[in-house]
$ cat start_10.txt   # compact mmCIF, C-alpha atoms and all ligand atoms
# COMPACT_ATOMS: atom_id res chain seq x y z
CA MET W 1 0.63 -37.56 -25.22
CA ASN W 2 -1.91 -36.85 -22.50
CA ARG W 3 -3.98 -34.21 -24.35
CA THR W 4 -7.36 -35.17 -22.94
CA GLY W 5 -8.77 -36.25 -19.63
CA THR W 6 -6.97 -35.83 -16.34
CA ARG W 7 -4.06 -33.39 -16.42
CA VAL W 8 -0.88 -33.97 -14.42
CA MET W 9 1.11 -31.61 -12.21
CA LEU W 10 4.30 -32.60 -10.40
CA VAL W 11 6.79 -31.37 -7.84
CA PHE W 12 10.46 -32.24 -8.45
CA GLY W 13 13.11 -32.21 -5.71
CA ASP W 14 15.74 -34.32 -3.98
CA PRO W 15 14.76 -35.32 -1.34
CA ILE W 16 11.02 -35.04 -1.99
CA ALA W 17 9.25 -37.47 0.35
CA HIS W 18 8.74 -34.71 2.97
CA SER W 19 6.96 -32.36 0.51
CA LEU W 20 3.58 -31.03 1.64
CA SER W 21 2.75 -29.63 -1.82
CA PRO W 22 0.77 -32.70 -3.04
CA LEU W 23 -1.45 -32.46 0.05
CA MET W 24 -2.45 -28.84 -0.44
CA GLN W 25 -2.47 -28.80 -4.27
CA ASN W 26 -4.69 -31.91 -4.57
CA ALA W 27 -7.11 -30.46 -2.02
CA ALA W 28 -7.31 -27.22 -4.02
CA LEU W 29 -7.75 -29.05 -7.37
CA GLN W 30 -10.51 -31.19 -5.92
CA LYS W 31 -12.28 -28.22 -4.33
CA ALA W 32 -12.10 -26.21 -7.57
CA GLY W 33 -13.36 -29.15 -9.64
CA VAL W 34 -10.26 -29.15 -11.85
CA ASN W 35 -9.67 -32.53 -13.52
CA ALA W 36 -5.99 -32.85 -12.58
CA VAL W 37 -3.74 -34.64 -10.11
CA TYR W 38 -0.53 -33.45 -8.43
CA GLY W 39 2.28 -35.89 -7.63
CA ALA W 40 5.85 -35.81 -6.31
CA CYS W 41 8.98 -37.15 -8.07
CA ARG W 42 12.53 -37.40 -6.79
CA VAL W 43 14.77 -35.83 -9.41
CA PRO W 44 18.53 -35.81 -8.72
CA LYS W 45 20.21 -32.55 -9.77
CA GLU W 46 22.10 -34.20 -12.65
CA GLN W 47 18.81 -35.55 -14.11
CA ILE W 48 16.99 -32.22 -14.35
CA GLY W 49 17.42 -31.97 -18.15
CA ALA W 50 15.87 -35.42 -18.64
CA ALA W 51 13.05 -34.55 -16.24
CA VAL W 52 12.22 -31.36 -18.20
CA ALA W 53 12.29 -33.36 -21.45
CA ALA W 54 9.76 -35.75 -19.86
CA VAL W 55 7.54 -32.78 -18.97
CA ARG W 56 7.46 -31.86 -22.68
CA LEU W 57 6.99 -35.45 -23.90
CA LEU W 58 4.17 -36.28 -21.49
CA ASN W 59 2.56 -32.82 -21.71
CA VAL W 60 2.70 -32.33 -17.93
CA TRP W 61 0.60 -29.23 -17.18
CA GLY W 62 2.75 -27.69 -14.49
CA VAL W 63 5.72 -28.38 -12.23
CA ASN W 64 7.00 -27.07 -8.91
CA LEU W 65 10.69 -27.26 -8.09
CA THR W 66 12.35 -27.43 -4.73
CA VAL W 67 15.90 -27.87 -3.36
CA PRO W 68 18.30 -28.43 -5.19
CA LEU W 69 16.69 -27.79 -8.60
CA LYS W 70 15.50 -24.17 -8.64
CA GLU W 71 18.63 -22.73 -10.22
CA VAL W 72 19.81 -25.63 -12.38
CA VAL W 73 16.46 -25.89 -14.18
CA CYS W 74 16.69 -22.41 -15.75
CA PRO W 75 18.72 -23.26 -18.91
CA PHE W 76 16.23 -26.01 -19.85
CA LEU W 77 13.20 -23.69 -20.06
CA ASP W 78 11.95 -21.65 -23.05
CA GLU W 79 11.28 -18.43 -21.13
CA LEU W 80 11.73 -16.94 -17.64
CA ASP W 81 9.39 -14.32 -16.26
CA PRO W 82 11.20 -11.13 -15.11
CA ALA W 83 11.21 -11.98 -11.36
CA ALA W 84 12.59 -15.48 -12.00
CA GLN W 85 15.23 -13.97 -14.29
CA LEU W 86 16.28 -11.45 -11.62
CA ILE W 87 16.44 -14.10 -8.89
CA GLY W 88 18.05 -16.70 -11.14
CA ALA W 89 15.75 -19.39 -9.75
CA VAL W 90 12.45 -20.98 -10.77
CA ASN W 91 10.01 -22.75 -8.45
CA THR W 92 7.08 -23.04 -10.90
CA ILE W 93 6.95 -24.14 -14.56
CA VAL W 94 3.85 -23.50 -16.67
CA ASN W 95 3.49 -25.60 -19.82
CA ARG W 96 1.76 -23.48 -22.47
CA ASP W 97 1.30 -25.89 -25.40
CA GLY W 98 4.86 -27.14 -25.14
CA HIS W 99 6.38 -23.71 -24.36
CA LEU W 100 7.79 -23.97 -20.82
CA VAL W 101 7.77 -20.73 -18.83
CA GLY W 102 9.57 -20.44 -15.46
CA TYR W 103 8.23 -18.32 -12.59
CA ASN W 104 9.32 -17.66 -9.02
CA THR W 105 6.28 -17.54 -6.74
CA ASP W 106 8.47 -17.56 -3.59
CA VAL W 107 8.62 -13.75 -3.89
CA TYR W 108 4.84 -13.57 -3.54
CA GLY W 109 5.07 -16.16 -0.73
CA VAL W 110 7.45 -13.97 1.31
CA ARG W 111 5.33 -10.82 0.87
CA ARG W 112 2.11 -12.65 1.73
CA THR W 113 3.42 -14.32 4.91
CA LEU W 114 4.93 -11.04 6.14
CA ASP W 115 1.53 -9.44 5.69
CA LEU W 116 -0.78 -12.22 6.92
CA ASP W 117 1.32 -13.87 9.63
CA LEU W 118 3.36 -10.96 10.98
CA GLY W 119 1.37 -7.85 9.88
CA PHE W 120 4.69 -6.45 8.63
CA ASP W 121 4.98 -3.80 5.89
CA PRO W 122 8.62 -3.63 4.66
CA ALA W 123 8.35 -0.02 3.33
CA GLY W 124 11.10 2.07 4.92
CA LYS W 125 12.17 -0.77 7.24
CA ARG W 126 15.58 -2.30 8.11
CA VAL W 127 15.79 -6.06 7.67
CA MET W 128 18.43 -8.66 8.54
CA ILE W 129 18.39 -11.79 6.34
CA LEU W 130 20.40 -14.88 7.30
CA GLY W 131 21.54 -16.87 4.24
CA ALA W 132 22.59 -16.16 0.66
CA GLY W 133 20.98 -19.04 -1.28
CA GLY W 134 17.79 -19.27 -3.35
CA ALA W 135 15.38 -18.47 -0.50
CA SER W 136 17.44 -15.42 0.45
CA ARG W 137 17.37 -14.20 -3.17
CA ALA W 138 13.55 -14.42 -3.25
CA ALA W 139 13.33 -12.59 0.11
CA ILE W 140 15.67 -9.84 -1.13
CA VAL W 141 13.55 -9.20 -4.24
CA ALA W 142 10.30 -9.26 -2.21
CA LEU W 143 11.66 -6.79 0.36
CA CYS W 144 13.28 -4.43 -2.16
CA GLN W 145 10.15 -4.37 -4.34
CA ALA W 146 8.16 -3.50 -1.19
CA GLY W 147 10.48 -0.54 -0.43
CA ALA W 148 12.74 -1.81 2.39
CA ALA W 149 15.23 0.90 3.42
CA SER W 150 18.14 -1.41 4.24
CA LEU W 151 19.03 -5.09 4.06
CA GLY W 152 21.78 -6.86 5.98
CA ILE W 153 22.79 -10.21 4.48
CA ALA W 154 24.53 -12.45 7.03
CA ASN W 155 25.99 -15.67 5.69
CA ARG W 156 28.31 -18.46 6.82
CA THR W 157 30.32 -17.83 3.65
CA VAL W 158 30.56 -14.02 3.73
CA ALA W 159 31.92 -13.84 0.16
CA ARG W 160 28.63 -15.33 -1.08
CA ALA W 161 26.67 -12.54 0.66
CA GLU W 162 28.99 -9.96 -0.90
CA THR W 163 28.48 -11.45 -4.38
CA LEU W 164 24.72 -11.36 -3.86
CA ILE W 165 24.86 -7.70 -2.89
CA ALA W 166 27.02 -6.82 -5.90
CA GLU W 167 24.38 -8.47 -8.07
CA PHE W 168 21.23 -6.94 -6.50
CA ALA W 169 22.36 -3.45 -5.43
CA PRO W 170 22.30 -1.98 -8.98
CA ALA W 171 18.74 -3.30 -9.50
CA PHE W 172 17.50 -1.72 -6.23
CA PRO W 173 19.37 1.59 -5.75
CA LYS W 174 16.92 2.85 -3.09
CA THR W 175 17.83 0.02 -0.68
CA ALA W 176 21.12 0.09 1.29
CA PHE W 177 22.88 -3.29 1.55
CA HIS W 178 25.56 -4.61 3.87
CA ALA W 179 27.12 -8.06 4.32
CA CYS W 180 28.28 -9.70 7.54
CA SER W 181 29.24 -13.08 8.97
CA LEU W 182 27.15 -15.27 11.26
CA SER W 183 29.57 -14.78 14.19
CA SER W 184 27.81 -13.54 17.31
CA LEU W 185 29.78 -10.30 17.31
CA ASP W 186 29.16 -9.38 13.67
CA LEU W 187 25.56 -10.48 13.65
CA GLY W 188 24.88 -8.84 17.03
CA ASN W 189 26.02 -5.48 15.62
CA GLY W 190 23.87 -5.96 12.52
CA LEU W 191 20.78 -6.94 14.50
CA LYS W 192 20.77 -3.87 16.77
CA LYS W 193 18.79 -1.71 14.35
CA ALA W 194 16.74 -4.41 12.62
CA ASP W 195 12.95 -4.11 12.32
CA LEU W 196 12.63 -7.68 11.01
CA LEU W 197 14.79 -10.84 11.09
CA ILE W 198 14.48 -13.57 8.44
CA ASN W 199 16.18 -16.97 8.56
CA ALA W 200 16.69 -18.00 4.92
CA THR W 201 19.44 -20.54 5.65
CA SER W 202 18.65 -24.24 5.76
CA VAL W 203 19.60 -24.37 9.47
CA GLY W 204 16.73 -26.13 11.25
CA LEU W 205 15.74 -28.26 8.26
CA LYS W 206 17.32 -31.35 9.79
CA GLY W 207 16.67 -30.49 13.43
CA ASP W 208 19.96 -28.53 13.72
CA ARG W 209 20.12 -25.06 15.32
CA PHE W 210 22.23 -21.89 15.56
CA VAL W 211 24.72 -21.91 18.42
CA ASP W 212 25.31 -18.66 20.42
CA PHE W 213 22.77 -16.69 18.42
CA PRO W 214 22.83 -13.06 19.68
CA TRP W 215 19.07 -12.78 20.40
CA PRO W 216 19.43 -9.97 23.01
CA ALA W 217 20.68 -7.62 20.25
CA LEU W 218 17.42 -7.85 18.27
CA PRO W 219 15.03 -5.00 19.24
CA ASP W 220 11.89 -6.20 21.06
CA HIS W 221 9.55 -4.87 18.39
CA ALA W 222 11.16 -6.89 15.57
CA PRO W 223 9.20 -9.94 14.34
CA VAL W 224 10.94 -13.06 13.05
CA LEU W 225 10.26 -15.15 9.93
CA ASP W 226 11.86 -18.58 9.63
CA ILE W 227 11.55 -19.59 5.97
CA VAL W 228 12.40 -23.18 6.92
CA TYR W 229 9.19 -25.15 7.34
CA SER W 230 8.24 -28.20 9.31
CA THR W 231 5.04 -29.63 10.72
CA GLU W 232 6.72 -29.10 14.14
CA GLU W 233 7.69 -25.63 15.39
CA THR W 234 11.24 -24.95 14.13
CA SER W 235 14.05 -24.38 16.65
CA PHE W 236 14.49 -20.82 15.32
CA VAL W 237 10.82 -19.90 15.82
CA ALA W 238 10.87 -21.46 19.30
CA ALA W 239 14.00 -19.47 20.26
CA ALA W 240 12.55 -16.21 18.87
CA LYS W 241 9.37 -16.68 20.90
CA ARG W 242 11.40 -17.46 24.04
CA HIS W 243 13.11 -14.09 23.55
CA GLY W 244 9.74 -12.32 23.31
CA HIS W 245 9.43 -11.86 19.52
CA MET W 246 6.40 -12.46 17.33
CA ALA W 247 7.54 -15.32 15.07
CA THR W 248 6.31 -17.59 12.31
CA GLY W 249 7.74 -20.55 10.36
CA GLY W 250 7.70 -21.18 6.61
CA LEU W 251 4.32 -22.90 6.22
CA GLY W 252 2.49 -19.62 5.50
CA MET W 253 5.01 -18.87 2.74
CA LEU W 254 4.66 -22.42 1.40
CA ALA W 255 0.88 -22.04 1.16
CA ALA W 256 1.12 -18.62 -0.52
CA GLN W 257 3.69 -19.68 -3.14
CA GLY W 258 1.48 -22.70 -3.86
CA GLU W 259 -1.63 -20.54 -4.28
CA LYS W 260 0.16 -18.36 -6.83
CA ALA W 261 1.44 -21.44 -8.72
CA PHE W 262 -2.08 -22.92 -8.80
CA GLU W 263 -3.38 -19.67 -10.26
CA LEU W 264 -0.65 -19.63 -12.93
CA TRP W 265 -1.49 -23.19 -14.04
CA THR W 266 -5.29 -23.17 -13.87
CA GLY W 267 -6.13 -19.49 -14.36
CA ILE W 268 -8.28 -19.55 -11.20
CA ALA W 269 -7.50 -18.65 -7.61
CA PRO W 270 -7.74 -21.58 -5.18
CA GLN W 271 -10.33 -21.31 -2.44
CA GLU W 272 -9.07 -18.81 0.12
CA TRP W 273 -7.39 -20.39 3.17
CA LEU W 274 -7.71 -23.94 1.80
CA MET W 275 -3.96 -24.56 1.35
CA ARG W 276 -3.20 -22.99 4.72
CA SER W 277 -5.86 -25.15 6.30
CA CYS W 278 -4.26 -28.28 4.83
CA LEU W 279 -0.90 -27.30 6.30
CA ASN W 280 -2.49 -26.46 9.66
CA ALA W 281 -4.19 -29.85 9.64
CA ALA W 282 -0.83 -31.51 8.89
CA GLN W 283 0.49 -29.71 12.00
CA GLY W 284 -2.47 -30.89 14.07
CA LYS W 285 -3.83 -27.32 14.32
CA PRO W 286 -7.44 -26.21 13.68
CA THR W 287 -8.06 -26.09 9.91
CA LEU W 288 -10.01 -22.78 9.77
CA LEU W 289 -12.31 -24.64 7.34
CA PRO W 290 -14.34 -26.96 9.57
CA MET W 291 -16.61 -27.95 6.65
CA GLU W 292 -13.56 -29.36 4.82
CA GLY W 293 -12.56 -31.65 7.69
CA ASN W 294 -13.44 -34.94 5.98
CA LEU W 295 -11.82 -33.98 2.70
CA LEU W 296 -8.60 -32.96 4.44
CA ALA W 297 -8.57 -35.91 6.82
CA GLY W 298 -8.90 -38.25 3.82
CA MET W 299 -6.01 -36.59 2.00
CA ILE W 300 -3.71 -36.43 5.02
CA GLY W 301 -4.41 -40.07 5.76
CA SER W 302 -3.71 -41.14 2.17
P1 LIG F 401 20.36 -23.02 -0.59
O1 LIG F 401 20.28 -22.25 -1.86
O2 LIG F 401 21.04 -24.34 -0.58
O3 LIG F 401 21.05 -22.05 0.51
C1 LIG F 401 21.31 -22.54 1.82
C2 LIG F 401 21.81 -21.39 2.70
O4 LIG F 401 21.91 -21.91 4.05
C3 LIG F 401 23.18 -20.84 2.35
O5 LIG F 401 23.22 -19.45 2.64
C4 LIG F 401 24.12 -21.62 3.29
O6 LIG F 401 25.30 -20.90 3.62
C5 LIG F 401 23.26 -21.68 4.53
N1 LIG F 401 23.62 -22.80 5.42
C6 LIG F 401 23.48 -24.13 5.15
N2 LIG F 401 23.92 -24.84 6.21
C7 LIG F 401 24.34 -23.95 7.16
C8 LIG F 401 24.88 -24.08 8.46
N3 LIG F 401 25.07 -25.28 9.03
N4 LIG F 401 25.16 -22.95 9.16
C9 LIG F 401 24.94 -21.73 8.60
N5 LIG F 401 24.44 -21.54 7.36
C10 LIG F 401 24.14 -22.64 6.64
O7 LIG F 401 18.88 -23.31 -0.01
P2 LIG F 401 17.55 -22.41 -0.24
O8 LIG F 401 16.88 -22.82 -1.49
O9 LIG F 401 17.93 -20.99 -0.04
O10 LIG F 401 16.64 -22.94 0.97
C11 LIG F 401 16.91 -22.56 2.31
C12 LIG F 401 15.79 -23.08 3.19
O11 LIG F 401 14.57 -22.41 2.86
C13 LIG F 401 15.50 -24.59 3.00
O12 LIG F 401 15.26 -25.13 4.27
C14 LIG F 401 14.23 -24.60 2.17
O13 LIG F 401 13.44 -25.77 2.40
C15 LIG F 401 13.53 -23.35 2.68
N6 LIG F 401 12.53 -22.81 1.75
C16 LIG F 401 11.25 -22.68 2.17
C17 LIG F 401 10.28 -22.14 1.33
C18 LIG F 401 8.88 -21.98 1.83
O14 LIG F 401 7.95 -21.92 1.01
N7 LIG F 401 8.69 -21.87 3.12
C19 LIG F 401 10.63 -21.73 0.04
C20 LIG F 401 11.96 -21.85 -0.36
C21 LIG F 401 12.91 -22.40 0.50
P3 LIG F 401 26.64 -21.04 2.68
O15 LIG F 401 26.43 -20.05 1.55
O16 LIG F 401 27.75 -20.65 3.58
O17 LIG F 401 26.70 -22.47 2.21

$ encode --input "start_10.txt" --output "structure tokens"
Amino acid sequence: MNRTGTRVMLVFGDPIAHSLSPLMQNAALQKAGVNAVYGACRVPKEQIGAAVAAVRLLNVWGVNLTVPLKEVVCPFLDELDPAAQLIGAVNTIVNRDGHLVGYNTDVYGVRRTLDLDLGFDPAGKRVMILGAGGASRAAIVALCQAGAASLGIANRTVARAETLIAEFAPAFPKTAFHACSLSSLDLGNGLKKADLLINATSVGLKGDRFVDFPWPALPDHAPVLDIVYSTEETSFVAAAKRHGHMATGGLGMLAAQGEKAFELWTGIAPQEWLMRSCLNAAQGKPTLLPMEGNLLAGMIGS
């Protein structure tokens, strides 16, 4: 049991080599003077129970979860906070003396990136979300909690969008929901009145892109959030900008969900902008924290 000395935090996923979480979390731990390290482990979906047992055995302080583990981990935890319960997915585990509590900080991540990167307040607005998986569920909760007037859920498998709506509509009676397909005709109709467009599918993750996307239907004033993140500009963000929209990728959300997780584990807020600066540095952009240059360069190079 590691009850003294350096504490351990981990991110589990499959694949995991691409994860930027160790970069930003280790920078924040170091800056805050917390005696802990953050590592990454590949955990295949069918091994999640064994991985959670190892968290208990080794007294791991905290864990992040990414694709494809956010939903399957739930039955192995002792408690879910209300947002994680509603979404049915956990991206952060806090180990409180062997009692494992699951949280979903992606909801905070969505709200924060809409505010900081797009200056968008969802209250009373109409939003089109592409996708009906875990990221879409977090976006739905974030937007409904912030008072969105209507949400369109467009998904390749329309039945999955309809199931999602049947599940969330009773919890958020003030928001109107509708489902549609990703065909250009259906989506074009849905986009006509949208004030915001969010891509919460995994399209773009592997360099793929939407074909025949009906960009001209989206009103000029509507900004675009691509939840998919990459150190390069995603194809969706590039296309949105080409069509004249303000657009941002998923790195702002990644930093914000990480900040909230850090706070849940350590009880302290990480230095403002530090995680974003790490991700900017990974993209080759200015870090916003020039004094941290050597620290970040060392971590990115390691
Ligand atoms: P998920 O639960 O597996 O859902 C994937 C969604 O993408 C489904 O709606 C699926 O549609 C759709 N999809 C997959 N391939 C498609 C294709 N070729 N054409 C059209 N639709 C397709 O995944 P998730 O957890 O929601 O994650 C989605 C993305 O968000 C991932 O890239 C993930 O890395 C990213 N993400 C980013 C952050 C962040 O902090 N920025 C946080 C969470 C997730 P079907 O239902 O028809 O299969």

$ residues_around --input "start_10.txt" --residues "segment 32-47 of chain W" --least-positions-apart "2" --cutoff "6 Å" --atoms "only C-alpha atoms" --output "list in words"
Thr6, Arg7, Val8, Met9, Leu10, Val11, Phe12, Gly13, Asp14, Ile16, Pro22, Asn26, Leu29, Gln30, Gly49 and Ala50 of chain W

$ closest_atom_pairs --input "start_10.txt" --of "chain W" --to "ligand LIG 401 (chain F)" --cutoff "6 Å" --atoms "only C-alpha atoms and all ligand atoms" --output "tab-separated table"
residue	atom	partner	partner_atom	distance
W:Val67	CA	F:LIG401	O8	5.5
W:Asp106	CA	F:LIG401	C19	5.9
W:Gly131	CA	F:LIG401	O5	3.5
W:Ala132	CA	F:LIG401	O5	3.9
W:Gly133	CA	F:LIG401	O1	3.3
W:Gly134	CA	F:LIG401	O9	3.7
W:Ala135	CA	F:LIG401	O9	3.6
W:Ser136	CA	F:LIG401	O9	5.6
W:Asn155	CA	F:LIG401	O5	5.6
W:Arg156	CA	F:LIG401	O16	4.0
W:Thr157	CA	F:LIG401	O16	3.8
W:Arg160	CA	F:LIG401	O15	5.8
W:Ala200	CA	F:LIG401	C11	5.3
W:Thr201	CA	F:LIG401	O4	3.2
W:Ser202	CA	F:LIG401	O12	3.8
W:Val203	CA	F:LIG401	C7	5.3
W:Leu205	CA	F:LIG401	O12	5.1
W:Ile227	CA	F:LIG401	N7	4.6
W:Val228	CA	F:LIG401	O12	4.4
W:Tyr229	CA	F:LIG401	N7	5.4
W:Gly250	CA	F:LIG401	N7	3.7
W:Leu251	CA	F:LIG401	N7	5.5
W:Met253	CA	F:LIG401	O14	4.6
W:Leu254	CA	F:LIG401	O14	3.4

$ atom_distance --input "start_10.txt" --atom1 "atom CA of Asn104 of chain W" --atom2 "atom CA of Pro223 of chain W"
24.6 Å

$ atom_distance --input "start_10.txt" --atom1 "atom CA of Thr66 of chain W" --atom2 "atom CA of Lys285 of chain W"
25.0 Å

$ atom_distance --input "start_10.txt" --atom1 "atom CA of Ile87 of chain W" --atom2 "atom CA of Thr175 of chain W"
16.4 Å

$ closest_residue --input "start_10.txt" --among "W:Gly152, W:Gly147, W:Gly124, W:Gly62" --to "His99 of chain W" --atoms "all atoms listed in the file"
W:Gly62

$ closest_residue --input "start_10.txt" --among "W:Leu264, W:Leu116, W:Leu274, W:Ala282" --to "Gln25 of chain W" --atoms "all atoms listed in the file"
W:Leu274

$ residues_around --input "start_10.txt" --residues "Leu118 of chain W" --least-positions-apart "5" --cutoff "8 Å" --atoms "only C-alpha atoms" --output "PDB file with C-alpha atoms, in the frame of the given file"
ATOM      1  CA  THR W 113       3.420 -14.320   4.910  1.00  0.00           C
ATOM      2  CA  PRO W 223       9.200  -9.940  14.340  1.00  0.00           C
ATOM      3  CA  MET W 246       6.400 -12.460  17.330  1.00  0.00           C
ATOM      4  CA  ALA W 247       7.540 -15.320  15.070  1.00  0.00           C
ATOM      5  CA  THR W 248       6.310 -17.590  12.310  1.00  0.00           C
TER       6      THR W 248
END

$ closest_residue --input "start_10.txt" --among "W:Val141, W:Leu57, W:Val127, W:Ala27" --to "Gln85 of chain W" --atoms "all atoms listed in the file"
W:Val141

$ residues_around --input "start_10.txt" --residues "Pro219 of chain W" --least-positions-apart "2" --cutoff "10 Å" --atoms "all atoms listed in the file" --output "list of chain:residue names"
W:Leu191, W:Lys192, W:Lys193, W:Ala194, W:Asp195, W:Leu196, W:Trp215, W:Pro216, W:Ala217, W:His221, W:Ala222, W:Pro223, W:Gly244, W:His245

$ closest_residue --input "start_10.txt" --among "W:Ile93, W:Leu197, W:Ala255, W:Leu114" --to "Ala146 of chain W" --atoms "only C-alpha atoms"
W:Leu114

$ residues_near_point --input "start_10.txt" --point "(13.6, -18.0, -13.4)" --cutoff "9 Å" --atoms "all atoms listed in the file" --output "NGL selection string"
:W and (70-71 or 73-74 or 77 or 79-92 or 101-104)

$ residues_near_point --input "start_10.txt" --point "(-1.9, -25.6, 8.3)" --cutoff "12 Å" --atoms "only C-alpha atoms" --output "VMD selection string"
chain W and resid 20 to 21 23 to 24 229 to 233 249 to 256 273 to 289 296 300

$ write_last_selection --input "start_10.txt" --atoms "C-alpha atoms" --output "mmCIF file, in the frame of the given file"
data_model
loop_
_atom_site.group_PDB
_atom_site.id
_atom_site.type_symbol
_atom_site.label_atom_id
_atom_site.label_comp_id
_atom_site.auth_asym_id
_atom_site.auth_seq_id
_atom_site.Cartn_x
_atom_site.Cartn_y
_atom_site.Cartn_z
ATOM 1 C CA LEU W 20 3.580 -31.030 1.640
ATOM 2 C CA SER W 21 2.750 -29.630 -1.820
ATOM 3 C CA LEU W 23 -1.450 -32.460 0.050
ATOM 4 C CA MET W 24 -2.450 -28.840 -0.440
ATOM 5 C CA TYR W 229 9.190 -25.150 7.340
ATOM 6 C CA SER W 230 8.240 -28.200 9.310
ATOM 7 C CA THR W 231 5.040 -29.630 10.720
ATOM 8 C CA GLU W 232 6.720 -29.100 14.140
ATOM 9 C CA GLU W 233 7.690 -25.630 15.390
ATOM 10 C CA GLY W 249 7.740 -20.550 10.360
ATOM 11 C CA GLY W 250 7.700 -21.180 6.610
ATOM 12 C CA LEU W 251 4.320 -22.900 6.220
ATOM 13 C CA GLY W 252 2.490 -19.620 5.500
ATOM 14 C CA MET W 253 5.010 -18.870 2.740
ATOM 15 C CA LEU W 254 4.660 -22.420 1.400
ATOM 16 C CA ALA W 255 0.880 -22.040 1.160
ATOM 17 C CA ALA W 256 1.120 -18.620 -0.520
ATOM 18 C CA TRP W 273 -7.390 -20.390 3.170
ATOM 19 C CA LEU W 274 -7.710 -23.940 1.800
ATOM 20 C CA MET W 275 -3.960 -24.560 1.350
ATOM 21 C CA ARG W 276 -3.200 -22.990 4.720
ATOM 22 C CA SER W 277 -5.860 -25.150 6.300
ATOM 23 C CA CYS W 278 -4.260 -28.280 4.830
ATOM 24 C CA LEU W 279 -0.900 -27.300 6.300
ATOM 25 C CA ASN W 280 -2.490 -26.460 9.660
ATOM 26 C CA ALA W 281 -4.190 -29.850 9.640
ATOM 27 C CA ALA W 282 -0.830 -31.510 8.890
ATOM 28 C CA GLN W 283 0.490 -29.710 12.000
ATOM 29 C CA GLY W 284 -2.470 -30.890 14.070
ATOM 30 C CA LYS W 285 -3.830 -27.320 14.320
ATOM 31 C CA PRO W 286 -7.440 -26.210 13.680
ATOM 32 C CA THR W 287 -8.060 -26.090 9.910
ATOM 33 C CA LEU W 288 -10.010 -22.780 9.770
ATOM 34 C CA LEU W 289 -12.310 -24.640 7.340
ATOM 35 C CA LEU W 296 -8.600 -32.960 4.440
ATOM 36 C CA ILE W 300 -3.710 -36.430 5.020
#
